[in-house]
file run_34.tsv (TSV, C-alpha atoms)
chain	number	residue	atom	x	y	z
A	1199	MET	CA	-30.57	-95.92	60.21
A	1200	LEU	CA	-28.34	-95.96	63.27
A	1201	PHE	CA	-28.08	-99.48	64.70
A	1202	ILE	CA	-27.57	-99.77	68.45
A	1203	PRO	CA	-27.26	-103.25	70.01
A	1204	ASN	CA	-29.82	-104.07	72.68
A	1205	CYS	CA	-27.13	-104.45	75.35
A	1206	TYR	CA	-26.06	-100.83	74.76
A	1207	PHE	CA	-29.47	-99.29	74.16
A	1208	HIS	CA	-30.38	-98.52	77.76
A	1209	PRO	CA	-26.95	-96.99	78.68
A	1210	TYR	CA	-27.03	-94.99	75.45
A	1211	LEU	CA	-30.55	-93.73	76.12
A	1212	ARG	CA	-29.64	-92.89	79.71
A	1213	ALA	CA	-26.61	-90.92	78.56
A	1214	VAL	CA	-28.67	-88.99	76.01
A	1215	LEU	CA	-31.37	-88.16	78.54
A	1216	TYR	CA	-28.78	-87.12	81.10
A	1217	GLY	CA	-27.07	-84.88	78.54
A	1218	ILE	CA	-30.35	-83.11	77.78
A	1219	ALA	CA	-31.20	-82.76	81.46
A	1220	ALA	CA	-27.70	-81.58	82.39
A	1221	ALA	CA	-27.60	-78.95	79.64
A	1222	SER	CA	-31.06	-77.66	80.55
A	1223	ALA	CA	-30.19	-77.51	84.24
A	1224	ALA	CA	-26.89	-75.72	83.52
A	1225	LEU	CA	-28.63	-73.11	81.38
A	1226	LEU	CA	-31.38	-72.36	83.88
A	1227	LEU	CA	-29.19	-72.46	86.99
A	1228	THR	CA	-26.62	-70.12	85.46
A	1229	ALA	CA	-29.29	-67.65	84.39
A	1230	VAL	CA	-30.77	-67.62	87.91
A	1231	LEU	CA	-27.44	-67.50	89.75
A	1232	ALA	CA	-26.04	-64.72	87.53
A	1233	ALA	CA	-29.12	-62.62	88.30
A	1234	LEU	CA	-28.77	-63.30	92.04
A	1235	LEU	CA	-25.07	-62.38	92.10
A	1236	ARG	CA	-25.63	-59.05	90.39
A	1237	LEU	CA	-26.63	-57.10	93.51
A	1238	PRO	CA	-23.85	-58.49	95.76
A	1239	ALA	CA	-21.31	-57.58	93.06
A	1240	LEU	CA	-22.61	-54.01	92.95
A	1241	ARG	CA	-22.52	-53.67	96.72
A	1242	ALA	CA	-19.03	-55.16	96.98
A	1243	GLY	CA	-17.71	-52.95	94.19
A	1244	VAL	CA	-16.74	-55.88	91.93
A	1245	VAL	CA	-17.60	-53.91	88.81
A	1246	ASP	CA	-16.23	-52.69	85.51
A	1247	ARG	CA	-16.99	-49.42	83.75
A	1248	ARG	CA	-18.75	-49.66	80.39
A	1249	ARG	CA	-20.26	-46.61	78.77
A	1250	SER	CA	-19.99	-44.71	82.06
A	1251	ARG	CA	-22.08	-47.27	83.94
A	1252	PRO	CA	-21.02	-49.89	86.51
A	1253	LEU	CA	-21.21	-53.48	85.28
A	1254	PRO	CA	-21.10	-56.22	87.97
A	1255	LEU	CA	-18.53	-58.92	87.21
A	1256	LEU	CA	-19.73	-62.00	89.11
A	1257	GLY	CA	-21.40	-63.60	86.10
A	1258	GLY	CA	-18.25	-65.64	85.58
A	1259	LEU	CA	-18.56	-67.04	89.09
A	1260	ALA	CA	-22.04	-68.29	88.19
A	1261	VAL	CA	-20.67	-70.04	85.08
A	1262	VAL	CA	-17.83	-71.69	87.02
A	1263	THR	CA	-20.09	-72.80	89.89
A	1264	VAL	CA	-22.86	-74.28	87.77
A	1265	THR	CA	-20.51	-76.00	85.32
A	1266	SER	CA	-18.61	-77.65	88.17
A	1267	LEU	CA	-21.76	-78.57	90.07
A	1268	VAL	CA	-23.51	-80.23	87.12
A	1269	ALA	CA	-20.35	-82.01	85.91
A	1270	TRP	CA	-19.50	-83.40	89.33
A	1271	THR	CA	-23.11	-84.50	89.83
A	1272	GLY	CA	-22.76	-86.70	86.77
A	1273	GLU	CA	-19.44	-88.03	88.10
A	1274	TRP	CA	-20.83	-88.68	91.60
A	1275	THR	CA	-23.95	-90.48	90.33
A	1276	ARG	CA	-21.85	-92.37	87.74
A	1277	VAL	CA	-24.46	-91.49	85.13
A	1278	ALA	CA	-21.89	-89.52	83.12
A	1279	PRO	CA	-18.40	-90.13	84.59
A	1280	LEU	CA	-15.80	-87.60	83.53
A	1281	GLY	CA	-13.15	-90.19	82.74
A	1282	ASP	CA	-9.41	-90.30	83.32
A	1283	GLY	CA	-7.80	-86.88	83.57
A	1284	VAL	CA	-10.96	-84.88	82.87
A	1285	GLY	CA	-11.71	-84.40	86.56
A	1286	GLY	CA	-8.24	-82.97	87.12
A	1287	LEU	CA	-8.68	-80.74	84.09
A	1288	LEU	CA	-11.90	-79.36	85.57
A	1289	LEU	CA	-10.22	-78.78	88.95
A	1290	ALA	CA	-7.38	-76.88	87.27
A	1291	ALA	CA	-9.89	-74.77	85.31
A	1292	VAL	CA	-11.74	-73.95	88.53
A	1293	ALA	CA	-8.44	-72.93	90.15
A	1294	VAL	CA	-7.73	-70.58	87.23
A	1295	GLY	CA	-11.26	-69.19	87.53
A	1296	LEU	CA	-10.73	-68.52	91.25
A	1297	LEU	CA	-7.47	-66.76	90.39
A	1298	GLY	CA	-9.50	-64.60	88.01
A	1299	LEU	CA	-12.00	-63.90	90.79
A	1300	VAL	CA	-9.15	-62.61	92.95
A	1301	ALA	CA	-8.09	-60.44	90.01
A	1302	ASP	CA	-11.63	-59.04	89.75
A	1303	VAL	CA	-11.63	-58.09	93.42
A	1304	TRP	CA	-8.02	-57.00	94.00
A	1305	ARG	CA	-6.71	-56.30	90.46
A	1306	LEU	CA	-3.78	-58.72	90.22
A	1307	ARG	CA	-0.90	-58.02	87.88
A	1308	GLY	CA	-0.86	-59.73	84.52
A	1309	ARG	CA	2.34	-61.62	85.23
A	1310	VAL	CA	0.77	-63.20	88.32
A	1311	ILE	CA	-2.22	-64.38	86.30
A	1312	ALA	CA	0.03	-65.74	83.54
A	1313	ALA	CA	2.21	-67.60	86.06
A	1314	GLY	CA	-0.79	-69.14	87.82
A	1315	THR	CA	-2.29	-70.21	84.49
A	1316	ALA	CA	1.02	-71.78	83.46
A	1317	VAL	CA	1.21	-73.79	86.69
A	1318	ALA	CA	-2.36	-75.05	86.21
A	1319	ALA	CA	-1.65	-75.93	82.58
A	1320	ALA	CA	1.49	-77.83	83.53
A	1321	CYS	CA	-0.62	-79.98	85.85
A	1322	VAL	CA	-3.10	-81.13	83.20
A	1323	VAL	CA	-0.97	-81.73	80.09
A	1324	PRO	CA	-0.64	-85.51	79.42
A	1325	TYR	CA	3.15	-85.70	79.05
A	1326	ASP	CA	3.10	-89.45	78.44
A	1327	GLU	CA	1.40	-88.78	75.10
A	1328	THR	CA	2.80	-85.38	74.19
A	1329	GLY	CA	6.39	-85.80	75.38
A	1330	VAL	CA	8.35	-83.16	77.24
A	1331	ALA	CA	8.86	-80.82	74.28
A	1332	GLY	CA	5.27	-81.21	73.10
A	1333	GLY	CA	4.05	-80.73	76.67
A	1334	ALA	CA	5.98	-77.47	77.01
A	1335	LEU	CA	4.46	-76.19	73.75
A	1336	ALA	CA	1.01	-77.28	74.97
A	1337	VAL	CA	1.47	-75.31	78.21
A	1338	ALA	CA	2.49	-72.23	76.20
A	1339	GLY	CA	-0.54	-72.64	73.92
A	1340	ILE	CA	-2.94	-73.00	76.85
A	1341	VAL	CA	-1.56	-69.88	78.54
A	1342	LEU	CA	-1.72	-67.85	75.32
A	1343	VAL	CA	-5.30	-68.82	74.46
A	1344	THR	CA	-6.44	-68.31	78.06
A	1345	LEU	CA	-5.03	-64.80	78.24
A	1346	VAL	CA	-6.38	-63.72	74.85
A	1347	PHE	CA	-9.84	-65.04	75.78
A	1348	ARG	CA	-9.72	-62.72	78.76
A	1349	GLY	CA	-9.26	-59.86	76.32
A	1350	LEU	CA	-12.61	-60.66	74.67
A	1351	ASP	CA	-14.52	-59.57	77.77
A	1352	HIS	CA	-14.58	-55.93	76.72
A	1353	ALA	CA	-17.91	-55.85	74.85
A	1354	ASP	CA	-21.40	-57.02	75.75
A	1355	GLY	CA	-22.03	-60.59	74.63
A	1356	LEU	CA	-18.73	-61.12	72.80
A	1357	ALA	CA	-16.86	-63.46	75.14
A	1358	GLY	CA	-19.99	-65.52	75.78
A	1359	THR	CA	-20.87	-65.84	72.09
A	1360	VAL	CA	-17.37	-66.88	71.02
A	1361	GLY	CA	-17.14	-69.17	74.05
A	1362	VAL	CA	-20.38	-71.00	73.23
A	1363	VAL	CA	-19.38	-71.56	69.60
A	1364	THR	CA	-15.90	-72.75	70.59
A	1365	ALA	CA	-17.24	-75.04	73.32
A	1366	PHE	CA	-19.52	-76.81	70.85
A	1367	GLY	CA	-16.63	-77.26	68.43
A	1368	ALA	CA	-14.31	-78.60	71.13
A	1369	GLY	CA	-17.10	-80.91	72.31
A	1370	VAL	CA	-17.48	-82.31	68.80
A	1371	CYS	CA	-13.72	-82.96	68.67
A	1372	ALA	CA	-13.94	-84.79	72.00
A	1373	ALA	CA	-16.91	-86.83	70.79
A	1374	ILE	CA	-14.98	-87.84	67.66
A	1375	GLU	CA	-12.25	-89.21	69.93
A	1376	VAL	CA	-14.93	-91.04	72.00
A	1377	MET	CA	-14.06	-88.95	75.08
A	1378	ASP	CA	-17.61	-88.96	76.41
A	1379	GLY	CA	-16.78	-87.35	79.75
A	1380	LEU	CA	-15.00	-84.41	78.17
A	1381	ALA	CA	-17.74	-84.03	75.55
A	1382	VAL	CA	-20.41	-83.90	78.27
A	1383	LEU	CA	-18.37	-81.39	80.28
A	1384	LEU	CA	-17.99	-79.08	77.28
A	1385	SER	CA	-21.69	-79.34	76.41
A	1386	VAL	CA	-22.63	-78.46	79.99
A	1387	PHE	CA	-20.22	-75.54	79.85
A	1388	ALA	CA	-21.73	-74.32	76.56
A	1389	ALA	CA	-25.19	-74.45	78.13
A	1390	ALA	CA	-23.97	-72.52	81.19
A	1391	LEU	CA	-22.50	-69.81	78.95
A	1392	THR	CA	-25.81	-69.62	77.09
A	1393	GLY	CA	-27.62	-69.01	80.38
A	1394	PHE	CA	-25.09	-66.30	81.20
A	1395	LEU	CA	-25.67	-64.66	77.81
A	1396	MET	CA	-29.28	-64.02	78.81
A	1397	HIS	CA	-27.93	-61.29	81.10
A	1398	ASN	CA	-24.83	-60.33	79.10
A	1399	TRP	CA	-26.35	-59.47	75.73
A	1400	HIS	CA	-26.40	-55.77	74.93
A	1401	PRO	CA	-27.14	-53.87	77.10
A	1402	ALA	CA	-25.41	-56.18	79.58
A	1403	ARG	CA	-26.62	-56.41	83.17
A	1404	VAL	CA	-23.76	-58.61	84.35
A	1405	GLY	CA	-20.25	-59.28	83.04
A	1406	LEU	CA	-18.06	-62.35	82.77
A	1407	GLY	CA	-15.04	-60.81	84.47
A	1408	ALA	CA	-11.59	-62.33	84.72
A	1409	CYS	CA	-13.08	-65.25	86.67
A	1410	GLY	CA	-15.30	-66.39	83.82
A	1411	SER	CA	-13.08	-65.39	80.90
A	1412	LEU	CA	-9.98	-67.14	82.28
A	1413	PHE	CA	-12.06	-70.22	83.12
A	1414	THR	CA	-13.46	-70.19	79.59
A	1415	GLY	CA	-10.11	-69.87	77.86
A	1416	PHE	CA	-8.40	-72.44	80.07
A	1417	LEU	CA	-11.15	-75.06	79.85
A	1418	LEU	CA	-11.45	-74.79	76.07
A	1419	SER	CA	-7.72	-74.72	75.28
A	1420	SER	CA	-6.80	-77.49	77.72
A	1421	GLY	CA	-9.74	-79.54	76.44
A	1422	VAL	CA	-8.41	-79.25	72.88
A	1423	VAL	CA	-4.90	-80.18	74.06
A	1424	PHE	CA	-6.33	-83.16	75.94
A	1425	THR	CA	-8.25	-84.23	72.82
A	1426	ARG	CA	-5.26	-83.83	70.49
A	1427	ALA	CA	-2.81	-85.67	72.77
A	1428	GLY	CA	-0.92	-88.28	70.76
A	1429	TYR	CA	-1.27	-86.44	67.44
A	1430	ALA	CA	1.50	-84.56	65.65
A	1431	ILE	CA	2.37	-81.15	67.04
A	1432	GLY	CA	1.77	-79.23	63.79
A	1433	PRO	CA	-1.84	-80.33	63.15
A	1434	SER	CA	-2.63	-80.02	66.86
A	1435	ALA	CA	-1.39	-76.42	66.90
A	1436	ALA	CA	-3.48	-75.77	63.77
A	1437	VAL	CA	-6.65	-77.06	65.44
A	1438	LEU	CA	-5.97	-74.99	68.57
A	1439	PHE	CA	-5.38	-71.93	66.39
A	1440	CYS	CA	-8.69	-72.40	64.57
A	1441	LEU	CA	-10.64	-72.70	67.81
A	1442	GLY	CA	-9.04	-69.56	69.19
A	1443	ALA	CA	-8.76	-67.59	65.94
A	1444	VAL	CA	-11.10	-64.72	66.86
A	1445	ALA	CA	-9.48	-64.15	70.25
A	1446	LEU	CA	-5.99	-64.33	68.72
A	1447	ALA	CA	-6.96	-61.89	65.94
A	1448	ASP	CA	-8.37	-59.49	68.52
A	1449	ALA	CA	-5.15	-59.62	70.56
A	1450	ALA	CA	-3.01	-59.14	67.42
A	1451	LEU	CA	-5.05	-56.09	66.38
A	1452	VAL	CA	-4.78	-54.51	69.83
A	1453	VAL	CA	-1.01	-55.02	69.99
A	1454	LEU	CA	-0.44	-53.64	66.49
A	1455	VAL	CA	-2.64	-50.59	67.01
A	1456	ARG	CA	-0.98	-49.67	70.28
A	1457	LEU	CA	2.56	-50.30	69.10
A	1458	LEU	CA	2.01	-48.20	65.97
A	1459	GLY	CA	0.49	-45.50	68.14
A	1460	ARG	CA	3.42	-45.74	70.56
A	1461	ARG	CA	1.17	-46.61	73.46
A	1462	PRO	CA	1.63	-49.31	76.12
A	1463	PRO	CA	0.18	-52.61	74.79
A	1464	LEU	CA	-1.43	-53.49	78.13
A	1465	ARG	CA	-3.24	-50.18	78.64
A	1466	ARG	CA	-6.98	-50.36	78.06
A	1467	GLY	CA	-8.52	-48.55	75.12
A	1468	PRO	CA	-11.09	-48.81	72.28
A	1469	ASP	CA	-8.76	-50.74	69.98
A	1470	HIS	CA	-10.47	-54.15	69.82
A	1471	LEU	CA	-12.29	-55.80	66.93
A	1472	VAL	CA	-15.71	-54.68	68.11
A	1473	HIS	CA	-14.60	-51.05	68.44
A	1474	ARG	CA	-13.11	-51.04	64.94
A	1475	LEU	CA	-16.17	-52.72	63.42
A	1476	ARG	CA	-18.39	-50.07	64.99
A	1477	ARG	CA	-16.34	-47.39	63.23
A	1478	PHE	CA	-17.57	-48.94	59.97
A	1479	GLY	CA	-21.15	-48.28	61.04
A	1480	LEU	CA	-22.11	-51.55	62.75
A	1481	THR	CA	-24.05	-51.52	65.99
A	1482	GLN	CA	-22.72	-53.20	69.11
A	1483	PRO	CA	-24.88	-56.35	68.71
A	1484	GLY	CA	-24.18	-56.38	64.99
A	1485	ALA	CA	-20.43	-56.39	65.53
A	1486	VAL	CA	-20.77	-59.26	68.02
A	1487	VAL	CA	-22.86	-61.26	65.54
A	1488	VAL	CA	-20.25	-60.73	62.81
A	1489	LEU	CA	-17.47	-61.97	65.08
A	1490	GLY	CA	-19.66	-64.88	66.18
A	1491	VAL	CA	-20.06	-65.92	62.55
A	1492	CYS	CA	-16.29	-65.64	62.07
A	1493	ALA	CA	-15.75	-67.79	65.15
A	1494	PHE	CA	-18.18	-70.41	63.82
A	1495	ALA	CA	-16.35	-70.56	60.48
A	1496	ALA	CA	-12.95	-70.91	62.17
A	1497	VAL	CA	-14.20	-73.55	64.62
A	1498	PHE	CA	-15.84	-75.50	61.81
A	1499	ALA	CA	-12.53	-75.52	59.95
A	1500	GLY	CA	-10.80	-76.79	63.09
A	1501	VAL	CA	-13.30	-79.61	63.48
A	1502	LEU	CA	-12.77	-80.63	59.85
A	1503	VAL	CA	-9.01	-80.76	60.34
A	1504	HIS	CA	-9.31	-82.71	63.60
A	1505	ALA	CA	-11.67	-85.26	62.09
A	1506	GLY	CA	-9.38	-85.78	59.10
A	1507	TRP	CA	-12.06	-84.69	56.66
A	1508	ALA	CA	-9.83	-81.94	55.25
A	1509	GLY	CA	-6.14	-81.26	54.92
A	1510	GLU	CA	-4.34	-78.06	55.80
A	1511	GLU	CA	-6.32	-75.85	53.42
A	1512	PRO	CA	-9.01	-74.81	55.95
A	1513	VAL	CA	-6.33	-73.68	58.41
A	1514	LEU	CA	-4.71	-71.55	55.72
A	1515	TRP	CA	-8.07	-69.98	54.90
A	1516	VAL	CA	-8.67	-69.20	58.58
A	1517	ALA	CA	-5.20	-67.70	58.99
A	1518	GLY	CA	-5.59	-65.65	55.80
A	1519	GLY	CA	-9.03	-64.44	56.80
A	1520	ALA	CA	-7.81	-63.42	60.25
A	1521	ALA	CA	-4.86	-61.55	58.73
A	1522	VAL	CA	-7.10	-59.71	56.25
A	1523	LEU	CA	-9.56	-58.80	59.01
A	1524	VAL	CA	-6.79	-57.40	61.20
A	1525	LEU	CA	-5.21	-55.42	58.34
A	1526	VAL	CA	-8.54	-53.97	57.19
A	1527	LEU	CA	-9.60	-52.96	60.68
A	1528	LEU	CA	-6.14	-51.59	61.35
A	1529	ARG	CA	-6.94	-48.91	58.77
A	1530	ALA	CA	-10.41	-48.24	60.16
A	1531	PRO	CA	-11.21	-44.53	60.26
A	1532	VAL	CA	-10.96	-43.01	63.69
A	1533	ARG	CA	-13.99	-40.90	64.45
A	1534	ILE	CA	-13.72	-38.68	67.47
A	1535	PRO	CA	-17.10	-37.25	68.40
A	1536	VAL	CA	-16.98	-33.49	68.80
A	1537	GLN	CA	-19.62	-31.87	70.93
A	1538	ARG	CA	-20.75	-28.68	69.23
A	1539	PRO	CA	-21.65	-25.73	71.42
A	1540	ARG	CA	-25.31	-24.94	71.57
A	1541	ARG	CA	-26.40	-21.81	69.77
A	1542	MET	CA	-28.07	-19.25	71.93
A	1543	ALA	CA	-31.25	-17.91	70.39
A	1544	SER	CA	-31.21	-14.22	69.59
A	1545	THR	CA	-33.27	-12.11	72.00
A	1546	GLN	CA	-34.68	-10.11	69.09
A	1547	VAL	CA	-35.84	-13.27	67.29
A	1548	SER	CA	-37.36	-14.58	70.50
A	1549	GLU	CA	-39.21	-11.31	71.04
A	1550	ARG	CA	-40.57	-11.35	67.46
A	1551	LEU	CA	-41.81	-14.93	67.88
A	1552	ARG	CA	-43.46	-14.05	71.16
A	1553	VAL	CA	-45.27	-11.07	69.62
A	1554	ARG	CA	-46.30	-13.05	66.51
A	1555	ASN	CA	-47.76	-15.88	68.58
A	1556	GLY	CA	-49.64	-13.46	70.70
call {"tool": "encode", "arguments": {"input": "run_34.tsv", "output": "structure tokens"}}
result
Amino acid sequence: MLFIPNCYFHPYLRAVLYGIAAASAALLLTAVLAALLRLPALRAGVVDRRRSRPLPLLGGLAVVTVTSLVAWTGEWTRVAPLGDGVGGLLLAAVAVGLLGLVADVWRLRGRVIAAGTAVAAACVVPYDETGVAGGALAVAGIVLVTLVFRGLDHADGLAGTVGVVTAFGAGVCAAIEVMDGLAVLLSVFAAALTGFLMHNWHPARVGLGACGSLFTGFLLSSGVVFTRAGYAIGPSAAVLFCLGAVALADAALVVLVRLLGRRPPLRRGPDHLVHRLRRFGLTQPGAVVVLGVCAFAAVFAGVLVHAGWAGEEPVLWVAGGAAVLVLVLLRAPVRIPVQRPRRMASTQVSERLRVRNG
């Protein structure tokens, strides 16, 4: 039985109750706000094209707004203070999300987004614990994971599902390090993404957009870097890889397919994990569920490595599984639907049927 001293019981109970209330509020507020922002996004033309239909992209703005509002409410009331550095991390993530919002509206170039993400990452890395060289590698890792998470927002429910699973794993890592503020922030963020998924599951009524996907990738990757500060670079990179394994595998598959096909790597096309899984007969939701299970397995391995409950073996299994998945889907059969011309009924046959039927 868990023993809690009397002097800590009331603060502990208050923190637990606040965590439940904050997660519930984040889920409901995001679901409501995402629904309200759908019509303004359609009228403003902030949309993406999926299956020849316009998909409004302001769902990410709802996730960013609600996550920030609930987290700063806990900080302002001192019920769940964010702690040293976590507030700056959240501000940097919001800045990256706003940069993504600009990209949704005006279609910024990729190099501009990468440069802005790098500047934000450089502002949150704790150099006193990582060192200059480790800090530079951390910035590169944050930028990479952020950009590949943006690539997941190509299928209904995928980015949200992988984001929720990864946020819970990163929150567990923060809780192990007794970083309560960061753990609460990540749990609130996971709840907000769950509320968004109510409108983003297939068939999606609202999308995450660059605003939400960049915010998701930056908050998760910088949170892992913040949690792993002070540890060795190798194990820290392994944990970050596990938490971003699905997004990294998706990016690797896309680059390989397009390079082998002699096509520009940055041009959009049906070359992602979900598209390849569908060529094996899976439905759209089924492919997302499969990748969600893969993300859970990879995140679980990362948590085990971070907690010290396992050595390097889980990371090797995750890397091997990702490599096998990419290689298998790289050879997925390409099925191009061919529309057959309709046969015109013979006039003689039609006349015979008309006479026979009276």
call {"tool": "residues_around", "arguments": {"input": "run_34.tsv", "residues": "region 1237-1251 of chain A", "least_positions_apart": "4", "cutoff": "7 Å", "atoms": "all atoms listed in the file", "output": "MDAnalysis selection string"}}
result
chainID A and resid 1255:1256 1302:1303
call {"tool": "write_last_selection", "arguments": {"input": "run_34.tsv", "atoms": "C-alpha atoms", "output": "compact mmCIF listing (two decimals), keeping the file's coordinate frame"}}
result
# COMPACT_ATOMS: atom_id res chain seq x y z
CA LEU A 1255 -18.53 -58.92 87.21
CA LEU A 1256 -19.73 -62.00 89.11
CA ASP A 1302 -11.63 -59.04 89.75
CA VAL A 1303 -11.63 -58.09 93.42
call {"tool": "closest_residue", "arguments": {"input": "run_34.tsv", "among": "A:Ser1419, A:Thr1328, A:Thr1359, A:Ser1411", "to": "Leu1296 (chain A)", "atoms": "all atoms listed in the file"}}
result
A:Ser1411
call {"tool": "closest_residue", "arguments": {"input": "run_34.tsv", "among": "A:Leu1475, A:Val1491, A:Leu1438, A:Leu1342", "to": "Ala1450 (chain A)", "atoms": "only C-alpha atoms"}}
result
A:Leu1342
call {"tool": "closest_atom_pairs", "arguments": {"input": "run_34.tsv", "of": "region 1271-1331 of chain A", "to": "region 1456-1472 of chain A", "cutoff": "12 Å", "atoms": "all atoms listed in the file", "output": "Markdown table"}}
result
| residue | atom | partner | partner_atom | distance |
| --- | --- | --- | --- | --- |
| A:Arg1307 | CA | A:Leu1464 | CA | 10.8 |
| A:Gly1308 | CA | A:Leu1464 | CA | 8.9 |
| A:Arg1309 | CA | A:Leu1464 | CA | 11.4 |
call {"tool": "write_last_selection", "arguments": {"input": "run_34.tsv", "atoms": "C-alpha atoms", "output": "mmCIF file, in the coordinates of the input"}}
result
data_model
loop_
_atom_site.group_PDB
_atom_site.id
_atom_site.type_symbol
_atom_site.label_atom_id
_atom_site.label_comp_id
_atom_site.auth_asym_id
_atom_site.auth_seq_id
_atom_site.Cartn_x
_atom_site.Cartn_y
_atom_site.Cartn_z
ATOM 1 C CA ARG A 1307 -0.900 -58.020 87.880
ATOM 2 C CA GLY A 1308 -0.860 -59.730 84.520
ATOM 3 C CA ARG A 1309 2.340 -61.620 85.230
#
call {"tool": "atom_distance", "arguments": {"input": "run_34.tsv", "atom1": "CA of Ala1445 (chain A)", "atom2": "CA of Val1487 (chain A)"}}
result
14.5 Å
call {"tool": "residues_around", "arguments": {"input": "run_34.tsv", "residues": "Val1363 (chain A)", "least_positions_apart": "2", "cutoff": "8 Å", "atoms": "all atoms listed in the file", "output": "PyMOL selection string"}}
result
chain A and resi 1359-1361+1365-1367+1388+1490+1493-1494+1497
call {"tool": "residues_around", "arguments": {"input": "run_34.tsv", "residues": "Tyr1325 (chain A)", "least_positions_apart": "4", "cutoff": "12 Å", "atoms": "all atoms listed in the file", "output": "list in words"}}
result
Gly1283, Ala1319, Ala1320, Cys1321, Gly1329, Val1330, Ala1331, Gly1332, Gly1333, Ala1334, Leu1335, Ala1336, Val1337, Val1423, Phe1424, Ala1427 and Gly1428 of chain A
call {"tool": "atom_distance", "arguments": {"input": "run_34.tsv", "atom1": "CA of Thr1364 (chain A)", "atom2": "CA of Phe1439 (chain A)"}}
result
11.4 Å
call {"tool": "atom_distance", "arguments": {"input": "run_34.tsv", "atom1": "CA of Glu1327 (chain A)", "atom2": "CA of Gly1379 (chain A)"}}
result
18.8 Å
call {"tool": "closest_residue", "arguments": {"input": "run_34.tsv", "among": "A:Ala1408, A:Ala1508, A:Leu1297, A:Met1377", "to": "Val1317 (chain A)", "atoms": "only C-alpha atoms"}}
result
A:Leu1297
call {"tool": "closest_residue", "arguments": {"input": "run_34.tsv", "among": "A:Cys1440, A:Gly1369, A:Val1382, A:Ile1374", "to": "Ala1269 (chain A)", "atoms": "all atoms listed in the file"}}
result
A:Val1382
call {"tool": "residues_near_point", "arguments": {"input": "run_34.tsv", "point": "(-23.7, -56.0, 80.6)", "cutoff": "12 Å", "atoms": "all atoms listed in the file", "output": "ChimeraX atom specification"}}
result
/A:1232-1233,1236,1245-1257,1351-1358,1394-1407,1482-1483
call {"tool": "closest_residue", "arguments": {"input": "run_34.tsv", "among": "A:Ala1293, A:Leu1225, A:Cys1409, A:Ala1312", "to": "Leu1259 (chain A)", "atoms": "all atoms listed in the file"}}
result
A:Cys1409
